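Dropping run-v6.cif in here (mmCIF, C-alpha atoms and all ligand atoms):
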```
data_coords
loop_
_atom_site.label_atom_id
_atom_site.label_comp_id
_atom_site.auth_asym_id
_atom_site.auth_seq_id
_atom_site.Cartn_x
_atom_site.Cartn_y
_atom_site.Cartn_z
CA ARG A 1 25.11 -20.82 -2.42
CA LEU A 2 25.59 -20.11 1.28
CA ASP A 3 23.16 -17.24 1.60
CA ARG A 4 20.69 -16.20 -1.05
CA TYR A 5 19.33 -12.67 -1.15
CA GLY A 6 16.43 -11.18 -3.09
CA PHE A 7 16.17 -7.41 -3.65
CA ILE A 8 12.91 -5.86 -4.87
CA GLY A 9 12.61 -2.14 -5.71
CA LEU A 10 15.62 -0.63 -7.43
CA GLY A 11 14.66 3.06 -7.43
CA GLN A 12 16.71 6.00 -6.20
CA MET A 13 17.47 4.29 -2.88
CA GLY A 14 17.16 0.57 -3.64
CA TYR A 15 19.47 0.68 -6.66
CA GLN A 16 22.38 2.04 -4.60
CA MET A 17 21.60 -0.16 -1.59
CA ALA A 18 21.50 -3.35 -3.65
CA LYS A 19 24.76 -2.36 -5.29
CA ASN A 20 26.53 -1.88 -1.95
CA LEU A 21 25.05 -5.08 -0.54
CA GLN A 22 26.15 -7.16 -3.53
CA ALA A 23 29.68 -5.70 -3.47
CA LYS A 24 30.13 -6.44 0.24
CA LEU A 25 28.75 -10.00 0.23
CA PRO A 26 31.14 -12.90 -0.24
CA PRO A 27 31.26 -14.60 -3.69
CA SER A 28 29.73 -17.69 -2.06
CA ASP A 29 26.43 -15.76 -1.71
CA SER A 30 23.97 -14.75 -4.42
CA ILE A 31 21.61 -11.82 -4.96
CA ARG A 32 18.56 -11.87 -7.19
CA ILE A 33 17.27 -8.44 -8.20
CA PHE A 34 13.86 -7.28 -9.42
CA ASP A 35 12.05 -4.06 -10.30
CA LEU A 36 9.10 -3.30 -12.59
CA ASN A 37 11.55 -1.10 -14.46
CA ALA A 38 13.42 -3.72 -16.51
CA ASP A 39 16.01 -1.16 -17.68
CA ALA A 40 17.04 -0.44 -14.09
CA VAL A 41 17.42 -4.19 -13.41
CA GLN A 42 19.55 -4.68 -16.52
CA ARG A 43 21.72 -1.65 -15.83
CA LEU A 44 22.29 -2.64 -12.20
CA ALA A 45 23.14 -6.25 -13.10
CA GLU A 46 25.70 -5.02 -15.63
CA GLU A 47 27.21 -2.55 -13.14
CA MET A 48 27.42 -5.25 -10.48
CA LYS A 49 29.03 -7.75 -12.83
CA ALA A 50 31.50 -5.19 -14.18
CA SER A 51 32.57 -4.12 -10.69
CA THR A 52 36.06 -5.09 -9.61
CA ALA A 53 34.85 -5.25 -6.01
CA GLY A 54 33.82 -8.88 -6.51
CA GLY A 55 30.85 -9.69 -4.33
CA ALA A 56 27.90 -12.02 -4.53
CA VAL A 57 26.77 -13.78 -7.71
CA VAL A 58 24.18 -11.64 -9.50
CA GLU A 59 20.93 -13.05 -10.87
CA ILE A 60 18.05 -11.28 -12.57
CA ALA A 61 14.54 -12.23 -11.44
CA LYS A 62 11.64 -11.99 -13.86
CA SER A 63 9.05 -11.50 -11.14
CA VAL A 64 8.77 -10.71 -7.44
CA ASN A 65 8.12 -14.42 -6.91
CA GLU A 66 11.35 -15.37 -8.57
CA ALA A 67 13.20 -12.83 -6.43
CA ALA A 68 11.72 -14.33 -3.26
CA SER A 69 11.26 -18.04 -3.88
CA ASP A 70 14.85 -19.31 -3.39
CA SER A 71 15.97 -16.50 -1.12
CA ASP A 72 16.79 -16.68 2.58
CA THR A 73 16.60 -12.90 2.93
CA VAL A 74 14.37 -10.64 0.84
CA ILE A 75 14.82 -6.87 0.96
CA THR A 76 12.12 -4.53 -0.33
CA CYS A 77 12.51 -0.81 -0.99
CA LEU A 78 9.24 0.45 -2.45
CA PRO A 79 7.50 3.84 -2.55
CA GLU A 80 4.21 3.59 -0.61
CA PRO A 81 2.09 1.22 1.53
CA SER A 82 0.07 0.15 -1.53
CA HIS A 83 3.24 -1.03 -3.31
CA VAL A 84 4.43 -3.02 -0.30
CA LYS A 85 1.00 -4.66 0.15
CA GLY A 86 0.81 -5.34 -3.59
CA VAL A 87 4.26 -6.94 -3.77
CA PHE A 88 3.55 -9.17 -0.75
CA SER A 89 0.21 -10.27 -2.17
CA GLN A 90 2.20 -11.45 -5.20
CA ILE A 91 4.92 -13.10 -3.11
CA LEU A 92 2.66 -14.92 -0.66
CA THR A 93 1.02 -17.31 -3.09
CA PRO A 94 0.23 -20.91 -2.14
CA ASP A 95 2.93 -22.24 -4.53
CA LEU A 96 5.74 -20.28 -2.79
CA PRO A 97 7.85 -22.93 -1.03
CA LYS A 98 7.51 -22.61 2.75
CA LYS A 99 10.79 -21.44 4.23
CA ASP A 100 12.09 -19.59 7.26
CA ARG A 101 12.83 -16.43 5.28
CA ILE A 102 13.57 -12.98 6.62
CA TYR A 103 11.84 -10.14 4.83
CA ILE A 104 13.42 -6.74 5.48
CA ASP A 105 11.23 -3.88 4.34
CA CYS A 106 13.16 -0.61 4.01
CA SER A 107 10.23 1.35 2.55
CA THR A 108 8.79 4.26 4.51
CA ILE A 109 5.19 3.19 5.10
CA ASP A 110 2.82 3.43 8.08
CA PRO A 111 3.32 1.03 11.02
CA SER A 112 -0.21 -0.47 10.67
CA SER A 113 0.28 -1.47 7.05
CA SER A 114 3.65 -2.90 8.00
CA ARG A 115 2.15 -4.95 10.85
CA GLN A 116 -0.56 -6.20 8.52
CA VAL A 117 2.03 -7.51 6.03
CA ALA A 118 4.09 -9.01 8.88
CA GLU A 119 1.03 -10.96 10.02
CA GLN A 120 0.35 -12.20 6.48
CA VAL A 121 3.95 -13.41 6.15
CA ALA A 122 3.79 -15.21 9.50
CA SER A 123 0.40 -16.83 8.88
CA ALA A 124 1.54 -18.02 5.44
CA GLY A 125 4.44 -19.83 7.16
CA GLN A 126 6.93 -17.82 5.13
CA GLY A 127 9.15 -16.59 7.93
CA GLN A 128 9.42 -13.16 9.51
CA PHE A 129 8.88 -9.65 8.22
CA VAL A 130 10.72 -6.73 9.83
CA ASP A 131 10.75 -2.99 9.14
CA ALA A 132 14.02 -1.14 8.59
CA PRO A 133 13.26 2.31 7.19
CA MET A 134 16.29 4.51 6.74
CA SER A 135 17.54 8.06 6.77
CA GLY A 136 20.47 9.50 4.87
CA GLY A 137 18.88 10.05 1.48
CA VAL A 138 20.25 9.13 -1.91
CA VAL A 139 23.70 10.46 -0.98
CA GLY A 140 23.82 8.10 2.02
CA ALA A 141 22.48 5.21 -0.03
CA ARG A 142 25.23 5.67 -2.61
CA ALA A 143 27.97 6.05 0.00
CA GLY A 144 26.66 3.15 2.11
CA THR A 145 26.24 5.44 5.13
CA LEU A 146 22.50 5.09 5.78
CA THR A 147 21.06 4.94 9.29
CA PHE A 148 18.48 2.17 9.73
CA MET A 149 15.66 2.22 12.29
CA LEU A 150 14.91 -1.40 12.95
CA GLY A 151 11.63 -2.85 14.16
CA ALA A 152 12.28 -6.52 14.82
CA PRO A 153 12.24 -9.16 17.57
CA ASP A 154 15.38 -9.18 19.76
CA SER A 155 16.24 -12.66 18.50
CA LEU A 156 16.79 -11.40 14.94
CA VAL A 157 18.90 -8.33 15.65
CA SER A 158 22.32 -10.01 15.52
CA LYS A 159 21.40 -11.59 12.20
CA LEU A 160 19.99 -8.40 10.69
CA GLU A 161 22.67 -5.95 11.76
CA PRO A 162 25.50 -7.25 9.56
CA ILE A 163 23.16 -7.29 6.55
CA LEU A 164 22.04 -3.69 7.09
CA LEU A 165 25.58 -2.51 7.85
CA ARG A 166 26.57 -3.51 4.31
CA MET A 167 24.27 -0.69 3.17
CA GLY A 168 24.60 1.73 6.06
CA LYS A 169 26.73 2.90 8.97
CA ALA A 170 24.29 2.55 11.87
CA VAL A 171 21.39 0.39 12.97
CA HIS A 172 19.09 1.52 15.80
CA HIS A 173 16.95 -1.28 17.15
CA CYS A 174 13.75 0.51 18.18
CA GLY A 175 11.75 -2.46 19.51
CA PRO A 176 9.37 -5.02 18.00
CA GLN A 177 8.16 -5.05 14.39
CA GLY A 178 6.64 -1.72 13.37
CA THR A 179 8.63 0.45 15.79
CA GLY A 180 11.33 1.31 13.24
CA LEU A 181 8.62 3.03 11.22
CA SER A 182 7.25 4.79 14.28
CA ALA A 183 10.70 6.28 14.91
CA LYS A 184 11.12 7.23 11.27
CA LEU A 185 7.71 8.92 11.05
CA ALA A 186 8.13 10.80 14.35
CA ASN A 187 11.43 12.17 13.08
CA ASN A 188 10.05 13.10 9.69
CA TYR A 189 7.03 14.78 11.28
CA LEU A 190 9.42 17.07 13.13
CA LEU A 191 11.45 17.61 9.98
CA ALA A 192 8.34 18.61 8.01
CA LEU A 193 7.47 21.29 10.58
CA ASN A 194 11.04 22.49 11.12
CA ASN A 195 11.40 23.01 7.38
CA ILE A 196 8.37 25.31 7.20
CA ALA A 197 9.30 27.11 10.41
CA THR A 198 12.87 27.69 9.19
CA ALA A 199 11.60 29.08 5.89
CA GLU A 200 9.27 31.47 7.76
CA ALA A 201 11.92 32.55 10.29
CA MET A 202 14.52 33.19 7.58
CA ASN A 203 12.06 35.19 5.50
CA LEU A 204 11.01 37.17 8.56
CA GLY A 205 14.58 38.09 9.48
CA ILE A 206 15.57 38.96 5.92
CA ARG A 207 12.54 41.21 5.49
CA TRP A 208 13.46 42.90 8.77
CA GLY A 209 16.77 43.73 7.12
CA LEU A 210 19.08 41.00 8.39
CA ASP A 211 21.75 39.43 6.20
CA PRO A 212 20.72 35.76 5.54
CA LYS A 213 24.09 34.28 6.52
CA THR A 214 24.30 36.37 9.70
CA LEU A 215 20.82 35.27 10.70
CA ALA A 216 21.53 31.58 9.95
CA ASN A 217 24.79 31.75 11.93
CA ILE A 218 22.93 33.12 14.95
CA ILE A 219 20.10 30.56 14.72
CA ASN A 220 22.67 27.78 14.40
CA VAL A 221 24.30 28.63 17.73
CA SER A 222 20.96 29.38 19.37
CA THR A 223 17.80 27.54 20.36
CA GLY A 224 16.22 27.60 16.89
CA ARG A 225 18.95 25.40 15.48
CA CYS A 226 17.71 22.42 13.44
CA TRP A 227 18.69 20.41 10.36
CA PRO A 228 16.81 22.71 7.95
CA SER A 229 18.56 25.78 9.43
CA GLU A 230 22.01 24.23 9.67
CA VAL A 231 22.39 21.80 6.76
CA ASN A 232 19.48 22.29 4.38
CA ASN A 233 18.96 26.02 4.81
CA PRO A 234 16.21 27.11 2.40
CA VAL A 235 17.81 30.44 1.43
CA LYS A 236 20.10 30.51 -1.57
CA GLY A 237 23.77 31.10 -0.76
CA VAL A 238 23.55 30.44 3.00
CA ILE A 239 24.87 26.89 2.61
CA GLU A 240 26.64 26.39 -0.72
CA THR A 241 26.00 22.62 -0.76
CA ALA A 242 22.28 22.87 0.06
CA PRO A 243 19.62 22.39 -2.67
CA ALA A 244 18.57 26.06 -2.24
CA SER A 245 21.90 27.08 -3.76
CA ARG A 246 21.15 25.10 -6.95
CA ASP A 247 17.54 26.16 -7.55
CA TYR A 248 16.28 23.48 -5.11
CA SER A 249 17.30 20.59 -7.36
CA GLY A 250 18.23 17.15 -5.93
CA GLY A 251 17.80 16.53 -2.20
CA PHE A 252 14.62 15.26 -0.54
CA GLY A 253 11.70 15.67 -2.94
CA ILE A 254 8.67 17.64 -1.78
CA SER A 255 6.37 14.73 -2.71
CA LEU A 256 8.31 12.36 -0.39
CA MET A 257 8.00 14.86 2.47
CA LYS A 258 4.27 15.16 1.79
CA LYS A 259 3.95 11.36 1.78
CA ASP A 260 5.84 10.91 5.06
CA LEU A 261 3.80 13.63 6.74
CA LYS A 262 0.57 12.00 5.57
CA LEU A 263 1.74 8.65 6.99
CA ALA A 264 2.70 10.29 10.30
CA ILE A 265 -0.76 11.87 10.56
CA ILE A 266 -2.44 8.51 9.88
CA ALA A 267 -0.28 6.80 12.52
CA ALA A 268 -0.90 9.63 15.02
CA ASP A 269 -4.67 9.33 14.52
CA GLU A 270 -4.50 5.60 15.18
CA ALA A 271 -2.50 6.21 18.37
CA GLY A 272 -4.86 8.98 19.55
CA ALA A 273 -2.02 11.53 19.47
CA LYS A 274 -3.27 15.05 18.75
CA LEU A 275 -1.28 17.03 16.20
CA GLU A 276 -2.02 20.76 16.27
CA LEU A 277 0.26 21.66 13.38
CA GLY A 278 0.27 18.53 11.24
CA GLY A 279 -2.92 19.25 9.27
CA ARG A 280 -1.89 22.75 8.24
CA ALA A 281 1.64 21.60 7.36
CA ARG A 282 0.13 18.89 5.16
CA GLU A 283 -1.90 21.51 3.28
CA VAL A 284 1.24 23.58 2.74
CA TYR A 285 3.13 20.64 1.20
CA GLU A 286 0.13 19.61 -0.88
CA GLU A 287 -0.32 23.11 -2.30
CA ALA A 288 3.41 23.61 -2.85
CA GLU A 289 3.74 20.30 -4.67
CA LYS A 290 1.22 21.53 -7.24
CA ALA A 291 2.77 24.99 -7.68
CA GLU A 292 4.55 25.34 -11.02
CA ASN A 293 7.70 26.87 -9.46
CA CYS A 294 8.00 24.23 -6.71
CA LYS A 295 6.97 20.83 -8.09
CA GLY A 296 9.68 18.18 -8.31
CA LYS A 297 12.05 20.26 -6.15
CA ASP A 298 13.73 19.67 -2.79
CA PHE A 299 11.31 20.24 0.09
CA SER A 300 13.18 23.38 1.18
CA VAL A 301 11.49 25.04 -1.83
CA ILE A 302 8.75 25.83 0.73
CA TYR A 303 10.75 29.02 1.23
CA ARG A 304 9.85 30.02 -2.34
CA PHE A 305 6.26 28.83 -1.88
CA ILE A 306 5.68 31.13 1.11
CA GLY A 307 7.03 34.07 -0.87
CA GLY A 308 10.48 34.10 0.75
CA LYS A 309 12.74 36.93 -0.44
CA GLU A 310 15.10 35.52 -3.12
P1 LIG B 1 11.67 5.36 -6.04
O1 LIG B 1 10.31 5.75 -6.48
O2 LIG B 1 12.86 6.01 -6.66
O3 LIG B 1 11.86 3.78 -6.24
C1 LIG B 1 10.88 2.83 -6.02
C2 LIG B 1 11.11 1.67 -6.97
O4 LIG B 1 10.13 0.66 -6.70
C3 LIG B 1 10.95 2.05 -8.46
O5 LIG B 1 12.11 1.67 -9.16
C4 LIG B 1 9.73 1.25 -8.90
O6 LIG B 1 9.81 0.81 -10.25
C5 LIG B 1 9.76 0.10 -7.93
N1 LIG B 1 8.48 -0.58 -7.81
C6 LIG B 1 7.26 -0.04 -7.59
N2 LIG B 1 6.33 -1.02 -7.56
C7 LIG B 1 6.97 -2.20 -7.76
C8 LIG B 1 6.56 -3.55 -7.83
N3 LIG B 1 5.28 -3.89 -7.70
N4 LIG B 1 7.49 -4.48 -8.04
C9 LIG B 1 8.78 -4.15 -8.17
N5 LIG B 1 9.25 -2.89 -8.11
C10 LIG B 1 8.35 -1.92 -7.91
O7 LIG B 1 11.69 5.56 -4.46
P2 LIG B 1 12.99 5.75 -3.52
O8 LIG B 1 13.36 7.19 -3.49
O9 LIG B 1 14.00 4.73 -3.86
O10 LIG B 1 12.33 5.45 -2.09
C11 LIG B 1 11.98 4.15 -1.67
C12 LIG B 1 11.46 4.22 -0.25
O11 LIG B 1 12.49 4.75 0.60
C13 LIG B 1 10.25 5.15 -0.09
O12 LIG B 1 9.33 4.61 0.80
C14 LIG B 1 10.87 6.45 0.43
O13 LIG B 1 9.95 7.21 1.22
C15 LIG B 1 12.00 5.90 1.28
N6 LIG B 1 13.10 6.86 1.45
C16 LIG B 1 13.53 7.62 0.41
C17 LIG B 1 14.55 8.53 0.62
C18 LIG B 1 15.06 9.40 -0.52
O14 LIG B 1 15.77 10.36 -0.26
N7 LIG B 1 14.74 9.08 -1.78
C19 LIG B 1 15.15 8.65 1.88
C20 LIG B 1 14.71 7.83 2.91
C21 LIG B 1 13.68 6.95 2.70
#
```

Would you put the structure from the file into structure tokens?
Ligand code: NAD
Amino acid sequence: RLDRYGFIGLGQMGYQMAKNLQAKLPPSDSIRIFDLNADAVQRLAEEMKASTAGGAVVEIAKSVNEAASDSDTVITCLPEPSHVKGVFSQILTPDLPKKDRIYIDCSTIDPSSSRQVAEQVASAGQGQFVDAPMSGGVVGARAGTLTFMLGAPDSLVSKLEPILLRMGKAVHHCGPQGTGLSAKLANNYLLALNNIATAEAMNLGIRWGLDPKTLANIINVSTGRCWPSEVNNPVKGVIETAPASRDYSGGFGISLMKKDLKLAIIAADEAGAKLELGGRAREVYEEAEKAENCKGKDFSVIYRFIGGKE
């Protein structure tokens, strides 16, 4: 095979990303897939093989080691820092053949954990580890329109871009390893706050007697405009395609928002950056996640949590 790929972590995002990558690789390449969820691996392998799009040869790995050992490029898409550290402690065993591999981690984790793993990869003589967290959600993963924030040495960018563009539409090189995650967490910190602020502002206006759509239309041409007000408005009926209009189902889960905010706060602490609002916002997401009428929902359900008029 010309280029061998390994893909570890076939959840909501990874499943769709691996599928797009496989379909867009030439048949001279191969992709070896692995997840702890054997059903997901089996289902994905069958879907890939049944696809008329052609693509790379599909192989099923029985362990993370098998997914990595022969590969030139290994992509990971795992939930939290502990999963990434755990997977790499399994990969980086003394019997793993030394090779100049590229490890692309698309998980949203904190920059310090990411740097730690990158150092372990380098000192084990196993190649280079870069961070490429993404935005665009499950919809973007399925459509292959993700935006990647890449933290990698300049010398690798031209090699990494075409790989990532098989799963997304844009790659922003942010600087050296770890900086992709810094960009991702800074953005998601702002998103976490904007979401709460939008819920509060909408509730305020509605209780003052304003029509929700009229208020949103004004905000969206004024200085309060933001993604939660314009695209993911938390009030039912304002945006028909937003999760709020389908009882907050689908979308960006409240537990993922809570996780990203927690990671941003950890990274801010390490950098000595003071966050006045982060701590309180974290409490709001933590409490909302436990509330019976909010758990498992899109993060815009904060509107319901704060007692927004429905
Ligand atoms: P997910 O929980 O759906 O999937 C994670 C997958 O990793 C699961 O299939 C799980 O079985 C697998 N896994 C866990 N430990 C493993 C191990 N040791 N070996 C092999 N597989 C293992 O999560 P997701 O929604 O796909 O998100 C993945 C990452 O992408 C997260 O860090 C998340 O924050 C980030 N992200 C998610 C979204 C989104 O909208 N879902 C958007 C942007 C970024």

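For the residues A:Ala197, A:Ala141, A:Val238, A:Ala183, ranking by smallest atom-to-atom distance to Asn217 of chain A using all atoms listed in the file places A:Val238 first.
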
Can you tell me which residues come within 9 Å of ligand LIG 1 (chain B) when counting only C-alpha atoms and all ligand atoms, ideally as an NGL selection string?
:A and (8-16 or 34-38 or 40-41 or 63-64 or 76-88 or 90 or 106-109 or 133-141 or 146 or 184 or 251-253 or 256-257 or 259-260)

Filtering to C-alpha atoms, could you give me those residues as a CSV table (one decimal), keeping the file's coordinate frame?
```
chain,number,residue,atom,x,y,z
A,8,ILE,CA,12.9,-5.9,-4.9
A,9,GLY,CA,12.6,-2.1,-5.7
A,10,LEU,CA,15.6,-0.6,-7.4
A,11,GLY,CA,14.7,3.1,-7.4
A,12,GLN,CA,16.7,6.0,-6.2
A,13,MET,CA,17.5,4.3,-2.9
A,14,GLY,CA,17.2,0.6,-3.6
A,15,TYR,CA,19.5,0.7,-6.7
A,16,GLN,CA,22.4,2.0,-4.6
A,34,PHE,CA,13.9,-7.3,-9.4
A,35,ASP,CA,12.0,-4.1,-10.3
A,36,LEU,CA,9.1,-3.3,-12.6
A,37,ASN,CA,11.6,-1.1,-14.5
A,38,ALA,CA,13.4,-3.7,-16.5
A,40,ALA,CA,17.0,-0.4,-14.1
A,41,VAL,CA,17.4,-4.2,-13.4
A,63,SER,CA,9.0,-11.5,-11.1
A,64,VAL,CA,8.8,-10.7,-7.4
A,76,THR,CA,12.1,-4.5,-0.3
A,77,CYS,CA,12.5,-0.8,-1.0
A,78,LEU,CA,9.2,0.4,-2.4
A,79,PRO,CA,7.5,3.8,-2.6
A,80,GLU,CA,4.2,3.6,-0.6
A,81,PRO,CA,2.1,1.2,1.5
A,82,SER,CA,0.1,0.2,-1.5
A,83,HIS,CA,3.2,-1.0,-3.3
A,84,VAL,CA,4.4,-3.0,-0.3
A,85,LYS,CA,1.0,-4.7,0.2
A,86,GLY,CA,0.8,-5.3,-3.6
A,87,VAL,CA,4.3,-6.9,-3.8
A,88,PHE,CA,3.6,-9.2,-0.8
A,90,GLN,CA,2.2,-11.4,-5.2
A,106,CYS,CA,13.2,-0.6,4.0
A,107,SER,CA,10.2,1.4,2.6
A,108,THR,CA,8.8,4.3,4.5
A,109,ILE,CA,5.2,3.2,5.1
A,133,PRO,CA,13.3,2.3,7.2
A,134,MET,CA,16.3,4.5,6.7
A,135,SER,CA,17.5,8.1,6.8
A,136,GLY,CA,20.5,9.5,4.9
A,137,GLY,CA,18.9,10.0,1.5
A,138,VAL,CA,20.2,9.1,-1.9
A,139,VAL,CA,23.7,10.5,-1.0
A,140,GLY,CA,23.8,8.1,2.0
A,141,ALA,CA,22.5,5.2,0.0
A,146,LEU,CA,22.5,5.1,5.8
A,184,LYS,CA,11.1,7.2,11.3
A,251,GLY,CA,17.8,16.5,-2.2
A,252,PHE,CA,14.6,15.3,-0.5
A,253,GLY,CA,11.7,15.7,-2.9
A,256,LEU,CA,8.3,12.4,-0.4
A,257,MET,CA,8.0,14.9,2.5
A,259,LYS,CA,4.0,11.4,1.8
A,260,ASP,CA,5.8,10.9,5.1
```

Exercise: segment 277-285 of chain A partners within 12 Å, only C-alpha atoms, chain neighbours under 6 positions left out, as a ChimeraX atom specification
/A:186,188-197,253-269,291,294-306

Atom pair atom CA of Pro212 of chain A / atom CA of Val235 of chain A: separation (Å):
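According to the coordinates, atom CA of Pro212 of chain A and atom CA of Val235 of chain A are separated by 7.3 Å.
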
Do you know which residues are at most 10 Å from segment 93-95 of chain A counting only C-alpha atoms, after dropping those on the same chain fewer than 6 positions away, and could you put them as a list in words?
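That gives Asn65, Ser69 and Ala124 of chain A.
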
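Minimum atom-to-atom distances from A:Met17, A:Asp211, A:Ile218, A:Gln120 to Phe148 of chain A were compared using only C-alpha atoms, and the lowest value belongs to A:Met17.
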
Best match for closeness to Leu181 of chain A among A:Ala152, A:Ala273, A:Gly54, A:Arg142, counting all atoms listed in the file:
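With all atoms listed in the file as the atom set, the closest residue is A:Ala152.
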
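For the set A:Pro243, A:Asp70, A:Pro27, A:Leu215, the residue with the smallest atom-to-atom gap to Lys49 of chain A is A:Pro27, counting only C-alpha atoms.
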